[in-house]
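Next comes coords05.txt, a file with compact mmCIF, C-alpha atoms.
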# COMPACT_ATOMS: atom_id res chain seq x y z
CA MET B 13 -0.84 -78.36 -10.50
CA SER B 14 -1.05 -77.92 -6.79
CA PRO B 15 1.47 -75.44 -5.35
CA ILE B 16 2.94 -78.09 -3.02
CA VAL B 17 3.93 -80.36 -5.90
CA PHE B 18 5.28 -77.38 -7.83
CA TRP B 19 7.50 -76.24 -4.97
CA ILE B 20 8.70 -79.82 -4.35
CA PHE B 21 9.84 -80.04 -7.99
CA VAL B 22 11.47 -76.59 -7.78
CA ALA B 23 13.25 -77.58 -4.57
CA ILE B 24 14.57 -80.83 -6.11
CA MET B 25 15.72 -78.94 -9.20
CA LEU B 26 17.53 -76.20 -7.26
CA VAL B 27 19.05 -78.45 -4.56
CA PHE B 28 20.56 -80.79 -7.14
CA ALA B 29 21.66 -77.85 -9.29
CA VAL B 30 23.58 -76.56 -6.25
CA GLY B 31 24.88 -80.12 -5.86
CA VAL B 32 26.35 -79.88 -9.36
CA ILE B 33 28.52 -76.91 -8.45
CA VAL B 34 29.53 -77.84 -4.90
CA ASN B 35 30.54 -81.48 -5.45
CA ARG B 36 34.26 -81.96 -5.86
CA ASP B 37 33.80 -85.33 -7.61
CA PRO B 38 32.83 -84.80 -11.30
CA VAL B 39 30.84 -88.08 -11.39
CA ALA B 40 28.67 -86.92 -8.48
CA SER B 41 28.17 -83.59 -10.25
CA ALA B 42 27.01 -85.31 -13.43
CA LEU B 43 24.56 -87.50 -11.50
CA SER B 44 23.16 -84.43 -9.67
CA LEU B 45 22.67 -82.83 -13.06
CA VAL B 46 20.51 -85.79 -14.17
CA VAL B 47 18.20 -85.41 -11.15
CA SER B 48 17.97 -81.65 -11.69
CA PHE B 49 16.99 -82.16 -15.33
CA LEU B 50 14.39 -84.79 -14.41
CA ALA B 51 12.73 -82.32 -12.00
CA LEU B 52 12.84 -79.72 -14.78
CA ALA B 53 11.03 -82.19 -17.07
CA GLY B 54 8.37 -82.45 -14.34
CA LEU B 55 7.96 -78.67 -14.44
CA TYR B 56 7.53 -78.80 -18.23
CA VAL B 57 4.77 -81.38 -17.79
CA SER B 58 3.11 -79.12 -15.19
CA LEU B 59 3.01 -76.40 -17.89
CA ASP B 60 1.19 -78.79 -20.30
CA ALA B 61 4.33 -79.17 -22.45
CA PHE B 62 4.32 -82.97 -22.49
CA PHE B 63 6.38 -83.31 -25.66
CA LEU B 64 9.14 -81.07 -24.31
CA GLY B 65 9.13 -82.99 -21.02
CA ALA B 66 9.70 -86.22 -22.94
CA ILE B 67 12.42 -84.61 -25.09
CA GLN B 68 14.09 -83.22 -21.96
CA VAL B 69 14.27 -86.70 -20.42
CA LEU B 70 15.47 -88.36 -23.64
CA VAL B 71 18.03 -85.78 -24.76
CA TYR B 72 19.36 -84.34 -21.50
CA ALA B 73 18.86 -87.07 -18.90
CA GLY B 74 19.70 -89.67 -21.56
CA ALA B 75 22.11 -88.66 -24.30
CA VAL B 76 23.89 -85.61 -22.87
CA MET B 77 24.41 -87.21 -19.46
CA VAL B 78 25.83 -90.41 -20.94
CA LEU B 79 28.23 -88.24 -22.94
CA PHE B 80 29.33 -86.34 -19.81
CA LEU B 81 29.82 -89.53 -17.77
CA PHE B 82 31.64 -91.17 -20.68
CA ILE B 83 34.10 -88.27 -20.98
CA ILE B 84 34.64 -88.04 -17.21
CA MET B 85 35.47 -91.74 -17.05
CA LEU B 86 37.54 -91.61 -20.26
CA LEU B 87 39.69 -88.81 -18.82
CA ASP B 88 39.80 -90.68 -15.49
CA LEU B 89 39.22 -87.52 -13.46
CA LYS B 90 39.67 -87.90 -9.74
CA ALA B 91 37.95 -85.67 -7.23
CA GLU B 92 40.01 -82.53 -7.45
CA ARG B 93 42.17 -81.70 -4.50
CA MET B 94 41.65 -78.43 -2.67
CA ARG B 95 43.69 -75.63 -4.14
CA LYS B 96 44.53 -72.32 -2.58
CA VAL B 97 41.23 -70.40 -2.68
CA ASN B 98 41.36 -66.99 -4.30
CA PHE B 99 39.18 -65.06 -1.86
CA ALA B 100 39.01 -61.89 -4.00
CA ALA B 101 37.61 -63.84 -6.96
CA LEU B 102 35.28 -65.86 -4.71
CA SER B 103 33.76 -62.84 -2.97
CA GLY B 104 33.53 -60.94 -6.26
CA GLY B 105 31.61 -63.82 -7.81
CA LEU B 106 29.27 -64.08 -4.81
CA VAL B 107 28.52 -60.33 -4.92
CA VAL B 108 27.68 -60.52 -8.64
CA ILE B 109 25.33 -63.46 -8.04
CA LEU B 110 23.59 -61.82 -5.08
CA LEU B 111 23.05 -58.66 -7.13
CA PHE B 112 21.64 -60.82 -9.93
CA VAL B 113 19.18 -62.51 -7.55
CA LYS B 114 18.12 -59.13 -6.12
CA VAL B 115 17.41 -57.77 -9.62
CA LEU B 116 15.55 -61.00 -10.42
CA PHE B 117 13.18 -60.61 -7.46
CA ASP B 118 12.69 -56.88 -8.12
CA VAL B 119 11.78 -57.47 -11.75
CA SER B 120 9.57 -60.48 -11.06
CA TYR B 121 7.51 -58.79 -8.37
CA GLY B 122 7.31 -55.57 -10.41
CA PHE B 123 5.77 -57.57 -13.29
CA GLN B 124 2.04 -57.25 -12.56
CA GLY B 125 0.82 -59.51 -15.39
CA GLY B 126 2.75 -62.46 -14.01
CA ALA B 127 0.81 -62.46 -10.74
CA ALA B 128 -2.41 -63.52 -12.47
CA GLN B 129 -3.45 -67.14 -12.61
CA PHE B 130 -2.65 -69.13 -15.75
CA PRO B 131 -5.62 -68.98 -18.15
CA ALA B 132 -7.43 -72.27 -18.70
CA LEU B 133 -6.75 -74.30 -21.83
CA SER B 134 -9.58 -75.15 -24.20
CA GLN B 135 -10.13 -78.85 -24.83
CA VAL B 136 -7.64 -80.01 -27.44
CA PRO B 137 -8.46 -82.77 -29.96
CA GLN B 138 -4.77 -83.37 -30.72
CA GLY B 139 -1.87 -83.66 -28.32
CA ASP B 140 0.84 -81.03 -28.18
CA ALA B 141 3.27 -83.21 -30.16
CA TRP B 142 0.86 -82.82 -33.10
CA HIS B 143 0.88 -79.02 -32.83
CA ILE B 144 4.67 -78.79 -32.45
CA GLY B 145 5.12 -81.15 -35.40
CA MET B 146 2.82 -79.06 -37.60
CA ALA B 147 4.65 -75.85 -36.67
CA LEU B 148 8.04 -77.53 -37.15
CA PHE B 149 7.35 -79.00 -40.59
CA GLN B 150 5.29 -76.13 -42.04
CA GLN B 151 6.15 -72.76 -40.56
CA TYR B 152 9.67 -73.63 -39.38
CA ASN B 153 10.73 -76.04 -42.11
CA LEU B 154 13.79 -74.06 -43.20
CA PRO B 155 15.19 -73.62 -39.65
CA LEU B 156 14.65 -77.35 -39.09
CA GLN B 157 16.76 -78.20 -42.14
CA VAL B 158 19.43 -75.69 -41.09
CA VAL B 159 19.58 -77.40 -37.70
CA GLY B 160 19.82 -80.78 -39.45
CA THR B 161 22.82 -79.50 -41.41
CA LEU B 162 24.31 -78.14 -38.20
CA VAL B 163 24.06 -81.55 -36.54
CA LEU B 164 25.74 -83.15 -39.58
CA VAL B 165 28.57 -80.60 -39.45
CA VAL B 166 28.92 -81.19 -35.70
CA SER B 167 29.23 -84.95 -36.11
CA ILE B 168 31.93 -84.52 -38.79
CA GLY B 169 33.72 -81.89 -36.68
CA VAL B 170 33.75 -84.08 -33.59
CA VAL B 171 35.29 -86.97 -35.54
CA ILE B 172 38.00 -84.68 -36.94
CA LEU B 173 38.68 -83.14 -33.50
CA SER B 174 39.13 -86.57 -31.91
CA LYS B 175 41.12 -88.15 -34.73
CA ARG B 176 43.71 -85.46 -35.20
CA GLU B 177 47.18 -86.32 -33.99
CA LEU B 178 48.39 -83.75 -31.48
CA LYS B 179 52.03 -82.86 -31.45
CA MET N 16 -2.13 -71.11 -6.87
CA VAL N 17 1.02 -71.19 -8.98
CA THR N 18 1.55 -68.08 -11.10
CA LEU N 19 3.87 -67.19 -13.94
CA ASN N 20 6.02 -65.24 -11.49
CA ASP N 21 6.77 -68.44 -9.55
CA TYR N 22 8.00 -70.14 -12.70
CA LEU N 23 10.08 -67.07 -13.63
CA ILE N 24 11.65 -67.00 -10.17
CA ALA N 25 12.42 -70.73 -10.33
CA SER N 26 13.96 -70.22 -13.75
CA GLY N 27 15.96 -67.20 -12.59
CA LEU N 28 17.27 -69.03 -9.52
CA LEU N 29 18.34 -71.98 -11.71
CA PHE N 30 20.13 -69.48 -13.96
CA ALA N 31 21.80 -67.91 -10.91
CA VAL N 32 23.03 -71.32 -9.74
CA GLY N 33 24.48 -72.04 -13.18
CA PHE N 34 26.05 -68.57 -13.27
CA ALA N 35 27.59 -69.20 -9.85
CA GLY N 36 29.06 -72.45 -11.16
CA VAL N 37 30.66 -70.66 -14.11
CA LEU N 38 32.06 -67.89 -11.92
CA LEU N 39 33.23 -69.90 -8.91
CA ARG N 40 34.40 -73.29 -10.19
CA ARG N 41 37.71 -73.81 -11.96
CA ASN N 42 37.14 -77.32 -13.37
CA ILE N 43 36.30 -76.97 -17.06
CA ILE N 44 33.86 -79.94 -17.08
CA ILE N 45 31.90 -78.53 -14.12
CA ILE N 46 31.79 -75.15 -15.86
CA PHE N 47 30.37 -76.89 -18.92
CA MET N 48 27.64 -78.53 -16.80
CA ALA N 49 26.80 -75.13 -15.27
CA LEU N 50 26.41 -73.74 -18.79
CA GLU N 51 23.85 -76.48 -19.47
CA LEU N 52 21.97 -75.41 -16.32
CA MET N 53 21.80 -71.83 -17.64
CA LEU N 54 20.46 -73.00 -21.03
CA ASN N 55 17.77 -75.03 -19.28
CA ALA N 56 16.78 -72.08 -17.10
CA ALA N 57 16.12 -70.05 -20.25
CA ASN N 58 14.04 -72.94 -21.63
CA LEU N 59 11.91 -73.06 -18.47
CA SER N 60 10.98 -69.39 -18.73
CA LEU N 61 10.16 -69.83 -22.44
CA VAL N 62 7.80 -72.72 -21.67
CA GLY N 63 6.22 -70.67 -18.86
CA PHE N 64 5.51 -67.76 -21.19
CA SER N 65 4.22 -70.20 -23.82
CA ARG N 66 1.62 -71.53 -21.35
CA TYR N 67 0.73 -68.01 -20.19
CA ASN N 68 0.22 -66.42 -23.62
CA LEU N 69 -2.58 -68.59 -25.00
CA GLN N 70 -3.34 -68.53 -28.73
CA LYS N 71 -6.97 -69.58 -29.40
CA GLY N 72 -7.08 -71.51 -26.12
CA LEU N 73 -3.81 -73.35 -26.81
CA PRO N 74 -0.28 -72.66 -25.56
CA ASP N 75 1.89 -70.56 -27.87
CA TYR N 76 3.64 -73.32 -29.79
CA ASN N 77 6.14 -70.92 -31.37
CA ALA N 78 7.93 -70.78 -28.00
CA GLN N 79 7.91 -74.57 -27.70
CA VAL N 80 9.44 -74.90 -31.18
CA LEU N 81 12.14 -72.45 -30.08
CA VAL N 82 12.80 -74.62 -27.00
CA PHE N 83 13.03 -77.66 -29.30
CA PHE N 84 15.70 -75.89 -31.38
CA ILE N 85 17.57 -74.77 -28.25
CA ILE N 86 17.68 -78.36 -26.96
CA THR N 87 18.96 -79.60 -30.34
CA VAL N 88 21.68 -76.98 -30.60
CA ALA N 89 22.65 -77.49 -26.94
CA ALA N 90 23.11 -81.22 -27.54
CA ALA N 91 25.33 -80.44 -30.54
CA GLU N 92 27.24 -77.93 -28.42
CA VAL N 93 27.85 -80.54 -25.73
CA ALA N 94 29.29 -82.94 -28.32
CA VAL N 95 31.71 -80.34 -29.72
CA GLY N 96 32.63 -78.96 -26.30
CA LEU N 97 33.45 -82.37 -24.88
CA ALA N 98 35.53 -83.21 -27.98
CA ILE N 99 37.48 -79.99 -27.42
CA ILE N 100 37.94 -80.85 -23.74
CA VAL N 101 39.27 -84.30 -24.68
CA ALA N 102 41.70 -82.74 -27.18
CA LEU N 103 42.77 -80.23 -24.52
CA PHE N 104 43.28 -82.99 -21.96
CA ARG N 105 45.39 -85.00 -24.40
CA ALA N 106 47.58 -81.96 -25.03
CA ARG N 107 47.88 -80.69 -21.44
CA GLN N 108 46.79 -83.51 -19.06
CA THR N 109 44.63 -81.13 -17.04
CA THR N 110 41.04 -79.86 -16.86
CA HIS N 111 41.86 -77.11 -14.38
CA LEU N 112 41.42 -73.61 -15.76
CA GLU N 113 44.30 -72.06 -13.86
CA ASP N 114 46.71 -74.43 -15.61
CA LEU N 115 45.41 -73.30 -19.01
CA ASN N 116 46.85 -69.79 -19.18
CA THR N 117 48.62 -69.73 -22.56
CA LEU N 118 46.27 -67.03 -23.87
CA LYS N 119 46.58 -64.96 -20.69
CA PHE N 120 48.19 -61.57 -21.25
As structure tokens, how would this structure be written, given the file I've shared?
Amino acid sequence: MSPIVFWIFVAIMLVFAVGVIVNRDPVASALSLVVSFLALAGLYVSLDAFFLGAIQVLVYAGAVMVLFLFIIMLLDLKAERMRKVNFAALSGGLVVILLFVKVLFDVSYGFQGGAAQFPALSQVPQGDAWHIGMALFQQYNLPLQVVGTLVLVVSIGVVILSKRELK
Amino acid sequence: MVTLNDYLIASGLLFAVGFAGVLLRRNIIIIFMALELMLNAANLSLVGFSRYNLQKGLPDYNAQVLVFFIITVAAAEVAVGLAIIVALFRARQTTHLEDLNTLKF
């Protein structure tokens, strides 16, 4: 992938991620999150992970986002009004994040192996969905069934959480 | 030329943005969205390492299976979290964290 396209996708992803946390209207935040996740799916495709790019679009940009928008509209949240800003907490949070970014750049540029070019792939007879499916149903069969049980438990739990009468 | 370091920096910056959202925002739904951003940042670095560490000329599919599981569990987590937020809203009529201080010492 050419560097220009890569940096365009990264810029879209980061700008809309910042949009998620600076918008005061929750609906606008949720829509920014969709765009950020779509750009992330583009980055997956640039790393030859086509199956994960498709899953990212279907699960995150589709199901999870509909759930977020549904809840925001169900609760009828208005854009929150400005409250008194706690400057101590705000500046403390900003310092923590700036330190995190500094450590991130130090570690990334100290990592010599990461500066090499990505090695070339050999020609593949099957797509990557085939390989992930084989790994999932052979080597990782037990974790897959555990996750299936987890999803079942989650769906029952969500029904119970929403049905219960609150005093 | 795009290297692994570029992907790791993109992933780390996405994580930092999500972290900032958790630390700086006080609306519980926005905090939940920022948590999703952090999960996706971890996924991006996993896919980057999977492409970098080739196994017999193919990406390391163990990492991609892990990303698949993370996406599944994150979707389940969103469902439970939003159900809890709805229950909380029905009990308290607010999604603002500073109004939810019953557990505060």
Spatial neighbours of N:Leu28, 12 Å, only C-alpha atoms, chain gap at least 4 places, as an MDAnalysis selection string: (chainID B and resid 22:23 25:27 29:30 109:110 112:117 120) or (chainID N and resid 21:24 32:35 52:53 55:57 59:60)
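Minimum atom-to-atom distance to B:Phe80, evaluated using only C-alpha atoms, belongs to B:Val39 out of B:Val97, B:Val107, B:Val39, B:Val166.
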Exercise answer, chain N residues close to chain B, 6 Å and all atoms listed in the file, as number ranges by chain: N: 16-20, 36, 38, 67, 72-73, 95, 98
Save the residues we just selected, C-alpha atoms, as a PDB file, in the coordinates of the input?
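Listing of again-v9.pdb after writing:
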ATOM      1  CA  MET N  16      -2.130 -71.110  -6.870  1.00  0.00           C
ATOM      2  CA  VAL N  17       1.020 -71.190  -8.980  1.00  0.00           C
ATOM      3  CA  THR N  18       1.550 -68.080 -11.100  1.00  0.00           C
ATOM      4  CA  LEU N  19       3.870 -67.190 -13.940  1.00  0.00           C
ATOM      5  CA  ASN N  20       6.020 -65.240 -11.490  1.00  0.00           C
ATOM      6  CA  GLY N  36      29.060 -72.450 -11.160  1.00  0.00           C
ATOM      7  CA  LEU N  38      32.060 -67.890 -11.920  1.00  0.00           C
ATOM      8  CA  TYR N  67       0.730 -68.010 -20.190  1.00  0.00           C
ATOM      9  CA  GLY N  72      -7.080 -71.510 -26.120  1.00  0.00           C
ATOM     10  CA  LEU N  73      -3.810 -73.350 -26.810  1.00  0.00           C
ATOM     11  CA  VAL N  95      31.710 -80.340 -29.720  1.00  0.00           C
ATOM     12  CA  ALA N  98      35.530 -83.210 -27.980  1.00  0.00           C
TER      13      ALA N  98
END
For atom CA of N:Phe30 and atom CA of B:Val69, the interatomic separation in Å (one decimal):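 Going from atom CA of N:Phe30 over to atom CA of B:Val69 covers 19.3 Å.
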Pairwise distance for atom CA of N:Leu103 and atom CA of B:Leu81, rounded to one decimal in Å: 17.3 Å
Which residue of N:Ala49, N:Val62, N:Ala106, N:Ile44 approaches N:Tyr76 most closely, using all atoms listed in the file: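 Looking only at the distances to N:Tyr76, the closest residue turns out to be N:Val62.
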One-decimal distance in Å that lies between atom CA of N:Ile43 and atom CA of N:His111: 6.2 Å
